4 protein chains.
Amino acid sequence: MAGSLELQSLTAAEIVHSIETTFSYGEHSVSDGDSFQVGHLRLRTIYTPGHTNDSVCYAVYDGEATSDPFMLFTGDTLFVGGIGRTDLLGRDLQKEQSEKLYDSLYEKVLPLDDGVMIYPAHGAGSICGSNFGNRDVSTIGLERMANHLLNVEMDDFMENMVSMRLPYPPYFKKMEELNTYGPPLLSESLAPKPMGVDDFDKAMHESNKVILDTREPGAFAGSHIPGSYSIWLDGVSYHPGWVLNYGQDVLLVTERREDVETARDYLCRLGFDRVAGYLCTGMRGWRDIGRDFGHLGTLSVSSLKAKLDQSEILLIDVREEREWNEGHIEGAERIYVGQLEEEADRLPRAKPMATICSWGGRGSLGASILKKKGFNEVFNVLGGMRAWYSKGYPVEKNEHSLHQGSEEGVYQENVR
Amino acid sequence: MAGSLELQSLTAAEIVHSIETTFSYGEHSVSDGDSFQVGHLRLRTIYTPGHTNDSVCYAVYDGEATSDPFMLFTGDTLFVGGIGRTDLLGRDLQKEQSEKLYDSLYEKVLPLDDGVMIYPAHGAGSICGSNFGNRDVSTIGLERMANHLLNVEMDDFMENMVSMRLPYPPYFKKMEELNTYGPPLLSESLAPKPMGVDDFDKAMHESNKVILDTREPGAFAGSHIPGSYSIWLDGVSYHPGWVLNYGQDVLLVTERREDVETARDYLCRLGFDRVAGYLCTGMRGWRDIGRDFGHLGTLSVSSLKAKLDQSEILLIDVREEREWNEGHIEGAERIYVGQLEEEADRLPRAKPMATICSWGGRGSLGASILKKKGFNEVFNVLGGMRAWYSKGYPVEKNEHSLHQGSEEGVYQENVR
Amino acid sequence: MAGSLELQSLTAAEIVHSIETTFSYGEHSVSDGDSFQVGHLRLRTIYTPGHTNDSVCYAVYDGEATSDPFMLFTGDTLFVGGIGRTDLLGRDLQKEQSEKLYDSLYEKVLPLDDGVMIYPAHGAGSICGSNFGNRDVSTIGLERMANHLLNVEMDDFMENMVSMRLPYPPYFKKMEELNTYGPPLLSESLAPKPMGVDDFDKAMHESNKVILDTREPGAFAGSHIPGSYSIWLDGVSYHPGWVLNYGQDVLLVTERREDVETARDYLCRLGFDRVAGYLCTGMRGWRDIGRDFGHLGTLSVSSLKAKLDQSEILLIDVREEREWNEGHIEGAERIYVGQLEEEADRLPRAKPMATICSWGGRGSLGASILKKKGFNEVFNVLGGMRAWYSKGYPVEKNEHSLHQGSEEGVYQENVR
Amino acid sequence: MAGSLELQSLTAAEIVHSIETTFSYGEHSVSDGDSFQVGHLRLRTIYTPGHTNDSVCYAVYDGEATSDPFMLFTGDTLFVGGIGRTDLLGRDLQKEQSEKLYDSLYEKVLPLDDGVMIYPAHGAGSICGSNFGNRDVSTIGLERMANHLLNVEMDDFMENMVSMRLPYPPYFKKMEELNTYGPPLLSESLAPKPMGVDDFDKAMHESNKVILDTREPGAFAGSHIPGSYSIWLDGVSYHPGWVLNYGQDVLLVTERREDVETARDYLCRLGFDRVAGYLCTGMRGWRDIGRDFGHLGTLSVSSLKAKLDQSEILLIDVREEREWNEGHIEGAERIYVGQLEEEADRLPRAKPMATICSWGGRGSLGASILKKKGFNEVFNVLGGMRAWYSKGYPVEKNEHSLHQGSEEGVYQENVR
């Protein structure tokens, strides 16, 4: 969601938009070729439709230097190792938008000098494109070398773009609406209310409430409030868009007190601005007064393999189609975590079930959904497909295309 | 451990000691009645032997005011709701020290005005005394009213003091030695080395290494490195003294990156200054490359009760004798967590085992010890005796004395 | 200004008011004797009119303890070393309010145990009373001993109270209004706009603008923007109420970037919520492009004495009447800094002028006012009367009464 | 000064050196072409003598990518808009080193792809080269375009390099020695002692003490301790090397408390590790007890011009020869601030004197030196040559060469 109003409230900055943008806020509109000054720097607008019809890049010039820019803000047009998706206006227009993007990239961006530094609007893990590299910054020259969609004929480019299938989360509609009219300021949202166990327990039984547990999957497995969704803290920046409804009040369970604000900010940026409260005692307070809690089984991949070999367990792979195609475990069934809640009813209840994803995050969300739907014996595979690959266990692959980017980049992190 | 050298290195402050203290550092020695100036304030020394033979209190006077102090630093002589223990010089001297403490309290401290504010050296939870209240600050008047050992005849006082049984952890000897010669500065200890999974795995198999996992009990239960001790972060300020040896190198597994410094500082203050490294990927990195991990079962008290009713489980209560006497579950066996490692071999291995403490922290340490000793099916009761009491389940009590203080104060905390 | 709404927006706390209070916000009203629970603590309302007619104290009880409170929030009724002023409802009612305050103190507060700790609503330096001590916390017993208005007969008490003359700043009216209807949240005020030299210069020449320079008096003397008021940063919490008008937009010049928020918050709490911008280059940016700047002379007290001895200078003492009465320099003229702007025109312009206050802060404000009014040669005495006293130079005194409290406490601070 | 040991103590990192380096610490030595791995990245050593004989660059490769690097750490070989100086081994070897540098740049660095990002060891303002741009990061392509010494024939390159005259501060010798044997850790230096006015006054009169006042020039002008040097806080990272001796104990006067650590760290990095204490009351405490203080006059450039037109003042330009050549005021005398103390005695004492530099920082140091040498009426021109240029006042120029870089970049900063 656009943070420009947020930034403006903190810094008194003025907002510049593409003239094609219909936002109902912002002080200035610019068209292709328009320049404006920021301190000693001059910014020139380059109109680059394709991802959307109001996409622009901004080339930055040193006031005193020659006519060449030294850097380029590339928005959602060009990423480090990737390019913008072209399906946001619908499958019908995907071909047309891809042609526009080709022109924008090959006619306007790539002709710049190899030495120009580029700063994209998204880093690794955004779903506004695929195949992102691990750096935040790159250069025209490096992208020309390493970004495979910048080195192809138009036919290949088009073939790749129109066959690209990326998830389209339900919250995109909400975001578009908020971006247009100006998202609410974080500073104006009320503080989530600290709730003791009794308050929390009462609130969670009122209508329209949903519990979000942001602790890491291992801790969720050890103990959790029955009925809660498990989304690890960083995952809150994306996954709630698949499982929460906009009319619901969110109740948070977090690992530490400071996580409440992080989770609240992530939720607000997805448009979920109704965070009613949080369990201020943590899970420990819940347990200490004897409330019942749920737990999940956890499996290492070697235990999983043993159970699969004995046909003792039903394995649900909750990853995206793209990831599945690159490699999955024989016998697993694929249901994307964002669709699991509605598909769960058709699953058999005879056997224990295990969920697997890339490392265990979405697996925990999946497992929490199955518990909510009444499945009793549910395991989450900690380590996920990464661990499975590391062990050298066998995988099945589907054929895959040029853009086999992995979404896992998002979730890479060490102990924080 | 004394932090005065640490403070001196940060602030250039001068150190004042009781003249009875044999510390080999510090600039000034003071005897009963000696005064010195700190800025506008005057501090007067009051010699108050009892807890040790070099105990002093410092009375604080406003430079311009009358001859009455307005506050008193009470050291280990008087706490909020408690008084100093008198057994540190050995059981033989406990009676003699208690008499000294009686005189110090009744002849020197209590005669001060009721309005004098007191600031003790320890808050709730220190083992330098028992029965501590929940505030950091109090007044002579409030203690006279509410601190029951300040309202008794000498006979009652003595009877209570000599019968007091408090744990005497093995690290006390080390602390005394360090305090005498000046503890090493935290700023001089090397940074714990960040270790990837391979480095960590290699290091943990070298001789003289021990793994300390500081995550909360629920997370430890979900997954942990086999062979590690579980001590939740705040518990690291005390419990390592019971299970680690001073010659060992400690390897840390933490919930978050910033916990490494906290754990390191706690360990150093206990005299364990050999923190070799930490798993910089967190448990997740361990799982992600397919390493096997252990897990514990977790039980709520209602599940525990059901299992006990069916005689399906053997329950070990790992709390102190004092806590046990106040109330415990019928059929449980008491082994203090600090003695569990050496006593484990005599336990039967036929049944699943569960550990219980006040809330689950020491229970997790106990369960981790049992796993190390080769017990297979081990559960930790999350919520512990607090949850058991909250549910109103039956307990057995032993008779108890005046000083039935609870050590649980230490562990009270909310989500941080 | 009341910060309860601010706190509520950050913590979701509920607001409790005295039932006599007419505030148009807050969830709960309490009368004398009413109790309510906050976590484990119980608070009991004690109605203590005098300072205002809705004044209350709150006594705090430990849930489990006896019927005696262990602390008391004393609001504006009792301070450390002082008591509340009784003239806020006007001179006509001063006697009546003083009688009420006497009853509140002697009948309701002082009968509490000496050991009860007290936490007042203001610390040293507030103008809601005089004679404040330097601690934040005290006890009933200590105040009974050291607070001289708690040890007197009613006649003496009344005589002192009705003769008490304290400044009544113009902003009090505004505060009362804001407190009643609920002050605006700090988080909702717009960020002051960063302005380059050109923007600032343009803005300062628009109508209804006023420049506030929050740097320390020595730096202001070295160079400043002509026409600006000098109020050192901490002084912004009080003095703007004497020189700014509520309709004006404030432009800030600060020592460091982070001071902008501090100054803005102070101004907002005084009701000045129109902080239009700040000079983001600092004074240095102003000087670096060649803008003219003003400067003041600075005098040490020895230089001042030499000039006075030679009748070379006219000395204006800008302190309060109370401070003047305690001691002033022979030959000085007293004009309170808050009245200097309107009184300046009657001053002679023949001689150089010097301003003096307690240390140099209000002197700098006074000197900046004289410069604005067109006086050319203006000096500020750095060190002020404190330095004069330290040197042992002669002073003249007026007779003074029991309540000779000094306001200087506010300004005591070291390098921050 | 090398910070690698410092970093190692904080992170347990291993240290890699050029094999030509004689440092007596570090775990690894590398020669031209040697590679090593840091996490997923591979670093390849490129030996680039010229600035020194052990200079290396490190090219960084993405583990999975092709054989081309994506970034280059260029050390002191190539800067943004500049290149390394070649005179550090002495004027005799300047030609030889310049030839080596030419080869390193033209044979080894420039042949890399234009898109490669470069990260130099110094930013704007280091004296390890001149002509630095304002960005921290650049690319081979951008430098090839805009860095004028990368676009010339060898003859032009050599002519420029051998004629380059850059200051060679006395502390360089000390730095070299410290770098070789391993600089002391910041964490091991004692905390500067907080000193009240009396302690400070006593200490400053002991032998071998020097006072450093780090407040901004305007504040120093308003009041300062007689005998102190004025070096604004950021200037402490460089200028003390010209005026302090290594055997002296430094006493600090700062604007704010937190500046003490900043100044201490800067001084330690220059090898001045004897910071004895700081005036904990700030200048205000000094003034408040009536100590005498010095002050400087301040001049705007318009006032300066008026005084020069009337021949009322003697103007000393304390900038470097390079800056002087680019433009100076007619009638000024140039004495570099680093030489002023020894040259001051030959200056006439009949007239008032003014110092000028680029903005007022070095001017304040110069003025403080003149005051120490007994000159009475000394002014500092606030705004300096920048303000003079901004006003369009006339300047005289000396012919200048290709490398007319300005050192002023160092001093650019806004209100912090």
# chains A, B, ... in the order shown; residues from 1 in each chain; ligands from 1
$ interface_residues --of "chain C" --to "chain A" --cutoff "7 Å" --atoms "only C-alpha atoms" --output "CSV table (one decimal) with N, CA, C and O atoms, in the first residue's frame"
chain,number,residue,atom,x,y,z
C,9,SER,N,-4.5,7.0,23.8
C,9,SER,CA,-4.4,6.7,22.4
C,9,SER,C,-3.2,5.7,22.2
C,9,SER,O,-3.1,5.0,21.2
C,10,LEU,N,-2.2,5.8,23.1
C,10,LEU,CA,-1.1,4.9,23.0
C,10,LEU,C,-1.2,3.6,23.7
C,10,LEU,O,-0.6,2.6,23.4
C,11,THR,N,-2.1,3.5,24.7
C,11,THR,CA,-2.2,2.3,25.6
C,11,THR,C,-3.6,1.7,25.7
C,11,THR,O,-3.8,0.7,26.3
C,12,ALA,N,-4.6,2.4,25.2
C,12,ALA,CA,-6.0,1.9,25.3
C,12,ALA,C,-6.4,2.0,26.8
C,12,ALA,O,-7.4,1.3,27.2
C,187,SER,N,0.1,13.1,18.2
C,187,SER,CA,0.3,12.3,16.9
C,187,SER,C,-0.6,12.8,15.8
C,187,SER,O,-0.3,12.5,14.6
C,188,GLU,N,-1.5,13.7,16.1
C,188,GLU,CA,-2.3,14.2,15.0
C,188,GLU,C,-1.9,15.5,14.5
C,188,GLU,O,-2.3,16.0,13.4
C,190,LEU,N,0.5,18.0,12.5
C,190,LEU,CA,1.4,17.8,11.4
C,190,LEU,C,2.8,18.0,11.8
C,190,LEU,O,3.1,18.7,12.7
C,191,ALA,N,3.7,17.3,11.1
C,191,ALA,CA,5.1,17.5,11.3
C,191,ALA,C,5.5,18.9,10.8
C,191,ALA,O,5.1,19.4,9.8
C,192,PRO,N,6.3,19.6,11.7
C,192,PRO,CA,6.9,20.9,11.2
C,192,PRO,C,7.6,20.7,9.9
C,192,PRO,O,8.3,19.7,9.7
C,193,LYS,N,7.4,21.6,9.0
C,193,LYS,CA,8.0,21.5,7.7
C,193,LYS,C,9.5,21.9,7.7
C,193,LYS,O,9.8,22.9,8.2
$ residues_around --residues "Glu27 of chain B" --least-positions-apart "2" --cutoff "9 Å" --atoms "only C-alpha atoms" --output "VMD selection string"
chain B and resid 14 to 17 25 29
$ residues_around --residues "Arg165 of chain C" --least-positions-apart "4" --cutoff "9 Å" --atoms "only C-alpha atoms" --output "mmCIF file with all heavy atoms, in the first residue's frame"
data_model
loop_
_atom_site.group_PDB
_atom_site.id
_atom_site.type_symbol
_atom_site.label_atom_id
_atom_site.label_comp_id
_atom_site.auth_asym_id
_atom_site.auth_seq_id
_atom_site.Cartn_x
_atom_site.Cartn_y
_atom_site.Cartn_z
ATOM 1 N N ASP C 87 -4.808 30.432 44.224
ATOM 2 C CA ASP C 87 -5.276 31.692 43.638
ATOM 3 C C ASP C 87 -5.798 31.534 42.219
ATOM 4 O O ASP C 87 -6.099 32.522 41.554
ATOM 5 C CB ASP C 87 -4.122 32.717 43.642
ATOM 6 C CG ASP C 87 -2.948 32.236 42.809
ATOM 7 O OD1 ASP C 87 -2.904 31.023 42.489
ATOM 8 O OD2 ASP C 87 -2.085 33.054 42.471
ATOM 9 N N MET C 161 -0.834 31.888 52.754
ATOM 10 C CA MET C 161 -1.476 31.556 51.484
ATOM 11 C C MET C 161 -2.091 32.788 50.820
ATOM 12 O O MET C 161 -1.996 32.949 49.602
ATOM 13 C CB MET C 161 -2.557 30.486 51.703
ATOM 14 C CG MET C 161 -2.041 29.131 52.137
ATOM 15 S SD MET C 161 -0.719 28.469 51.082
ATOM 16 C CE MET C 161 -1.655 27.985 49.623
ATOM 17 N N GLU C 321 9.184 39.016 40.857
ATOM 18 C CA GLU C 321 9.227 39.837 42.066
ATOM 19 C C GLU C 321 9.790 39.058 43.252
ATOM 20 O O GLU C 321 10.609 39.547 44.019
ATOM 21 C CB GLU C 321 7.810 40.317 42.398
ATOM 22 C CG GLU C 321 7.776 41.283 43.559
ATOM 23 C CD GLU C 321 6.372 41.827 43.797
ATOM 24 O OE1 GLU C 321 5.452 41.467 43.021
ATOM 25 O OE2 GLU C 321 6.204 42.616 44.750
ATOM 26 N N ARG C 322 9.354 37.795 43.363
ATOM 27 C CA ARG C 322 9.778 36.941 44.458
ATOM 28 C C ARG C 322 11.302 36.762 44.476
ATOM 29 O O ARG C 322 11.951 36.835 45.516
ATOM 30 C CB ARG C 322 9.098 35.576 44.283
ATOM 31 C CG ARG C 322 9.204 34.600 45.377
ATOM 32 C CD ARG C 322 8.273 33.403 45.085
ATOM 33 N NE ARG C 322 8.365 32.970 43.695
ATOM 34 C CZ ARG C 322 9.349 32.184 43.209
ATOM 35 N NH1 ARG C 322 10.304 31.767 44.002
ATOM 36 N NH2 ARG C 322 9.332 31.825 41.943
#
$ residues_around --residues "Glu99 of chain D" --least-positions-apart "2" --cutoff "9 Å" --atoms "only C-alpha atoms" --output "list in words"
Gly50, Gln94, Lys95, Glu96, Gln97, Leu101, Tyr102, Asp103, Ser104, Met154, Phe157 and Met158 of chain D
$ write_last_selection --atoms "all heavy atoms" --output "short mmCIF file (atom, residue, chain, number, x, y, z; two decimals), in the first residue's frame"
data_model
loop_
_atom_site.label_atom_id
_atom_site.label_comp_id
_atom_site.auth_asym_id
_atom_site.auth_seq_id
_atom_site.Cartn_x
_atom_site.Cartn_y
_atom_site.Cartn_z
N GLY D 50 49.94 1.57 -5.76
CA GLY D 50 49.91 2.95 -6.25
C GLY D 50 49.75 3.91 -5.07
O GLY D 50 50.68 4.61 -4.69
N GLN D 94 56.88 9.74 -5.50
CA GLN D 94 55.54 10.11 -6.00
C GLN D 94 55.36 9.72 -7.47
O GLN D 94 54.30 9.25 -7.88
CB GLN D 94 55.29 11.61 -5.80
CG GLN D 94 53.85 12.02 -6.01
CD GLN D 94 53.55 13.43 -5.48
OE1 GLN D 94 54.48 14.13 -5.06
NE2 GLN D 94 52.30 13.82 -5.52
N LYS D 95 56.41 9.91 -8.25
CA LYS D 95 56.31 9.59 -9.67
C LYS D 95 56.12 8.08 -9.85
O LYS D 95 55.21 7.63 -10.56
CB LYS D 95 57.56 10.08 -10.41
CG LYS D 95 57.54 9.83 -11.91
CD LYS D 95 58.47 10.80 -12.64
CE LYS D 95 58.58 10.43 -14.12
NZ LYS D 95 59.22 9.11 -14.34
N GLU D 96 56.97 7.34 -9.18
CA GLU D 96 56.91 5.88 -9.29
C GLU D 96 55.55 5.33 -8.86
O GLU D 96 54.97 4.48 -9.53
CB GLU D 96 58.02 5.29 -8.41
CG GLU D 96 58.20 3.79 -8.53
CD GLU D 96 59.35 3.31 -7.64
OE1 GLU D 96 60.34 4.09 -7.46
OE2 GLU D 96 59.26 2.19 -7.11
N GLN D 97 55.05 5.84 -7.73
CA GLN D 97 53.76 5.36 -7.24
C GLN D 97 52.64 5.74 -8.20
O GLN D 97 51.67 4.98 -8.37
CB GLN D 97 53.48 5.92 -5.84
CG GLN D 97 54.42 5.44 -4.76
CD GLN D 97 54.42 3.94 -4.59
OE1 GLN D 97 55.47 3.28 -4.67
NE2 GLN D 97 53.24 3.36 -4.40
N LEU D 101 49.92 3.40 -9.92
CA LEU D 101 48.48 3.64 -9.81
C LEU D 101 47.83 3.68 -11.19
O LEU D 101 46.73 3.15 -11.39
CB LEU D 101 48.20 4.95 -9.06
CG LEU D 101 46.72 5.26 -8.80
CD1 LEU D 101 46.07 4.19 -7.93
CD2 LEU D 101 46.54 6.62 -8.12
N TYR D 102 48.52 4.32 -12.13
CA TYR D 102 47.99 4.37 -13.50
C TYR D 102 47.74 2.95 -14.02
O TYR D 102 46.67 2.64 -14.53
CB TYR D 102 48.96 5.12 -14.42
CG TYR D 102 48.42 5.27 -15.82
CD1 TYR D 102 47.61 6.37 -16.15
CD2 TYR D 102 48.71 4.34 -16.81
CE1 TYR D 102 47.10 6.50 -17.43
CE2 TYR D 102 48.20 4.46 -18.09
CZ TYR D 102 47.39 5.55 -18.40
OH TYR D 102 46.88 5.69 -19.67
N ASP D 103 48.76 2.09 -13.85
CA ASP D 103 48.59 0.71 -14.31
C ASP D 103 47.45 0.01 -13.58
O ASP D 103 46.64 -0.68 -14.19
CB ASP D 103 49.90 -0.07 -14.08
CG ASP D 103 50.96 0.34 -15.08
OD1 ASP D 103 50.63 1.03 -16.07
OD2 ASP D 103 52.14 -0.02 -14.87
N SER D 104 47.39 0.19 -12.26
CA SER D 104 46.33 -0.47 -11.50
C SER D 104 44.96 -0.05 -12.01
O SER D 104 44.07 -0.88 -12.22
CB SER D 104 46.46 -0.12 -10.01
OG SER D 104 47.63 -0.69 -9.47
N MET D 154 48.34 8.84 -20.38
CA MET D 154 49.25 8.63 -19.25
C MET D 154 50.04 9.90 -18.93
O MET D 154 50.27 10.22 -17.76
CB MET D 154 50.22 7.48 -19.54
CG MET D 154 51.00 7.12 -18.28
SD MET D 154 51.99 5.63 -18.46
CE MET D 154 52.69 5.50 -16.82
N PHE D 157 47.93 12.23 -16.97
CA PHE D 157 47.72 11.62 -15.66
C PHE D 157 48.92 11.89 -14.77
O PHE D 157 48.80 12.36 -13.63
CB PHE D 157 47.51 10.11 -15.85
CG PHE D 157 47.21 9.36 -14.57
CD1 PHE D 157 45.91 9.16 -14.15
CD2 PHE D 157 48.24 8.81 -13.80
CE1 PHE D 157 45.63 8.45 -12.98
CE2 PHE D 157 47.97 8.11 -12.64
CZ PHE D 157 46.66 7.92 -12.22
N MET D 158 50.13 11.62 -15.31
CA MET D 158 51.35 11.76 -14.51
C MET D 158 51.59 13.21 -14.14
O MET D 158 51.96 13.53 -13.00
CB MET D 158 52.56 11.21 -15.29
CG MET D 158 52.55 9.70 -15.45
SD MET D 158 52.45 8.82 -13.86
CE MET D 158 54.01 9.35 -13.14
#
$ select_by_dssp --residues "segment 124-331 of chain A" --states "strand (DSSP E or B)" --output "VMD selection string"
chain A and resid 129 138 to 139 193 to 195 209 to 213 224 229 to 230 249 to 253 275 to 279 294 297 to 299 314 to 317 328
$ closest_residue --among "D:Phe172, D:Trp242, D:Phe379, D:Phe73" --to "Lys307 of chain D" --atoms "only C-alpha atoms"
D:Phe379
$ residues_around --residues "segment 53-58 of chain C" --least-positions-apart "4" --cutoff "7 Å" --atoms "only C-alpha atoms" --output "MDAnalysis selection string"
chainID C and resid 18 20:21 43:49 72:75
$ write_last_selection --atoms "all heavy atoms" --output "compact mmCIF listing (two decimals), in the first residue's frame"
# COMPACT_ATOMS: atom_id res chain seq x y z
N SER C 18 -12.24 13.01 38.63
CA SER C 18 -13.04 13.44 39.76
C SER C 18 -14.44 13.80 39.25
O SER C 18 -14.60 14.35 38.16
CB SER C 18 -12.40 14.70 40.37
OG SER C 18 -13.33 15.36 41.21
N GLU C 20 -16.24 16.01 40.16
CA GLU C 20 -16.39 17.47 40.10
C GLU C 20 -15.85 18.05 38.80
O GLU C 20 -16.07 19.22 38.49
CB GLU C 20 -15.66 18.13 41.28
CG GLU C 20 -16.04 17.62 42.64
CD GLU C 20 -17.46 18.03 43.02
OE1 GLU C 20 -17.91 19.09 42.53
OE2 GLU C 20 -18.12 17.31 43.80
N THR C 21 -15.07 17.24 38.07
CA THR C 21 -14.42 17.72 36.85
C THR C 21 -15.42 17.75 35.70
O THR C 21 -16.20 16.82 35.54
CB THR C 21 -13.24 16.81 36.50
OG1 THR C 21 -12.33 16.81 37.59
CG2 THR C 21 -12.53 17.29 35.25
N LEU C 43 -7.23 1.46 44.07
CA LEU C 43 -7.07 2.90 44.28
C LEU C 43 -8.32 3.46 44.92
O LEU C 43 -9.43 3.19 44.47
CB LEU C 43 -6.80 3.62 42.96
CG LEU C 43 -5.32 3.63 42.51
CD1 LEU C 43 -4.93 2.27 41.96
CD2 LEU C 43 -5.06 4.73 41.51
N ARG C 44 -8.12 4.25 45.97
CA ARG C 44 -9.25 4.87 46.65
C ARG C 44 -9.17 6.37 46.47
O ARG C 44 -8.10 6.97 46.60
CB ARG C 44 -9.26 4.51 48.14
CG ARG C 44 -10.54 4.98 48.87
CD ARG C 44 -10.62 4.41 50.28
NE ARG C 44 -9.47 4.81 51.07
CZ ARG C 44 -9.36 5.97 51.73
NH1 ARG C 44 -10.35 6.85 51.71
NH2 ARG C 44 -8.28 6.24 52.41
N THR C 45 -10.28 6.99 46.13
CA THR C 45 -10.33 8.42 45.87
C THR C 45 -10.46 9.20 47.17
O THR C 45 -11.29 8.86 48.02
CB THR C 45 -11.57 8.73 44.99
OG1 THR C 45 -11.58 7.82 43.90
CG2 THR C 45 -11.53 10.16 44.49
N ILE C 46 -9.62 10.24 47.34
CA ILE C 46 -9.76 11.14 48.48
C ILE C 46 -10.02 12.54 47.91
O ILE C 46 -9.17 13.08 47.19
CB ILE C 46 -8.49 11.16 49.35
CG1 ILE C 46 -8.14 9.73 49.81
CG2 ILE C 46 -8.65 12.08 50.54
CD1 ILE C 46 -6.86 9.64 50.61
N TYR C 47 -11.15 13.09 48.19
CA TYR C 47 -11.53 14.41 47.65
C TYR C 47 -10.78 15.49 48.44
O TYR C 47 -10.93 15.59 49.66
CB TYR C 47 -13.04 14.59 47.74
CG TYR C 47 -13.55 15.92 47.22
CD1 TYR C 47 -13.11 16.43 45.99
CD2 TYR C 47 -14.48 16.66 47.95
CE1 TYR C 47 -13.59 17.65 45.52
CE2 TYR C 47 -14.97 17.88 47.49
CZ TYR C 47 -14.50 18.37 46.27
OH TYR C 47 -14.96 19.58 45.80
N THR C 48 -9.95 16.27 47.76
CA THR C 48 -9.10 17.25 48.45
C THR C 48 -9.19 18.62 47.78
O THR C 48 -8.22 19.09 47.16
CB THR C 48 -7.63 16.79 48.43
OG1 THR C 48 -7.26 16.47 47.07
CG2 THR C 48 -7.40 15.58 49.30
N PRO C 49 -10.33 19.30 47.89
CA PRO C 49 -10.45 20.62 47.25
C PRO C 49 -9.49 21.63 47.86
O PRO C 49 -9.00 21.42 48.97
CB PRO C 49 -11.90 20.99 47.53
CG PRO C 49 -12.25 20.25 48.78
CD PRO C 49 -11.50 18.96 48.70
N LEU C 72 0.40 7.33 47.80
CA LEU C 72 -0.64 8.32 47.58
C LEU C 72 -0.24 9.21 46.40
O LEU C 72 0.85 9.80 46.41
CB LEU C 72 -0.79 9.18 48.84
CG LEU C 72 -1.92 10.22 48.85
CD1 LEU C 72 -3.28 9.53 48.96
CD2 LEU C 72 -1.73 11.21 50.01
N PHE C 73 -1.08 9.25 45.37
CA PHE C 73 -0.90 10.23 44.31
C PHE C 73 -1.53 11.54 44.79
O PHE C 73 -2.74 11.58 45.03
CB PHE C 73 -1.56 9.77 43.01
CG PHE C 73 -0.87 8.59 42.38
CD1 PHE C 73 -1.45 7.33 42.41
CD2 PHE C 73 0.36 8.74 41.78
CE1 PHE C 73 -0.80 6.24 41.84
CE2 PHE C 73 1.02 7.65 41.20
CZ PHE C 73 0.42 6.40 41.24
N THR C 74 -0.72 12.59 44.94
CA THR C 74 -1.23 13.78 45.61
C THR C 74 -1.63 14.91 44.67
O THR C 74 -2.03 15.98 45.12
CB THR C 74 -0.18 14.32 46.60
OG1 THR C 74 1.04 14.56 45.89
CG2 THR C 74 0.08 13.33 47.72
N GLY C 75 -1.52 14.67 43.34
CA GLY C 75 -1.98 15.69 42.40
C GLY C 75 -1.33 17.04 42.66
O GLY C 75 -0.12 17.14 42.87
$ select_by_dssp --residues "segment 115-186 of chain D" --states "helix (DSSP H, G or I)" --output "PyMOL selection string"
chain D and resi 140-146+148-150+154-163+171-181+186
$ closest_residue --among "A:Gly366, A:Gly360, A:Gly383, A:Gly331" --to "Ser302 of chain A" --atoms "only C-alpha atoms"
A:Gly383
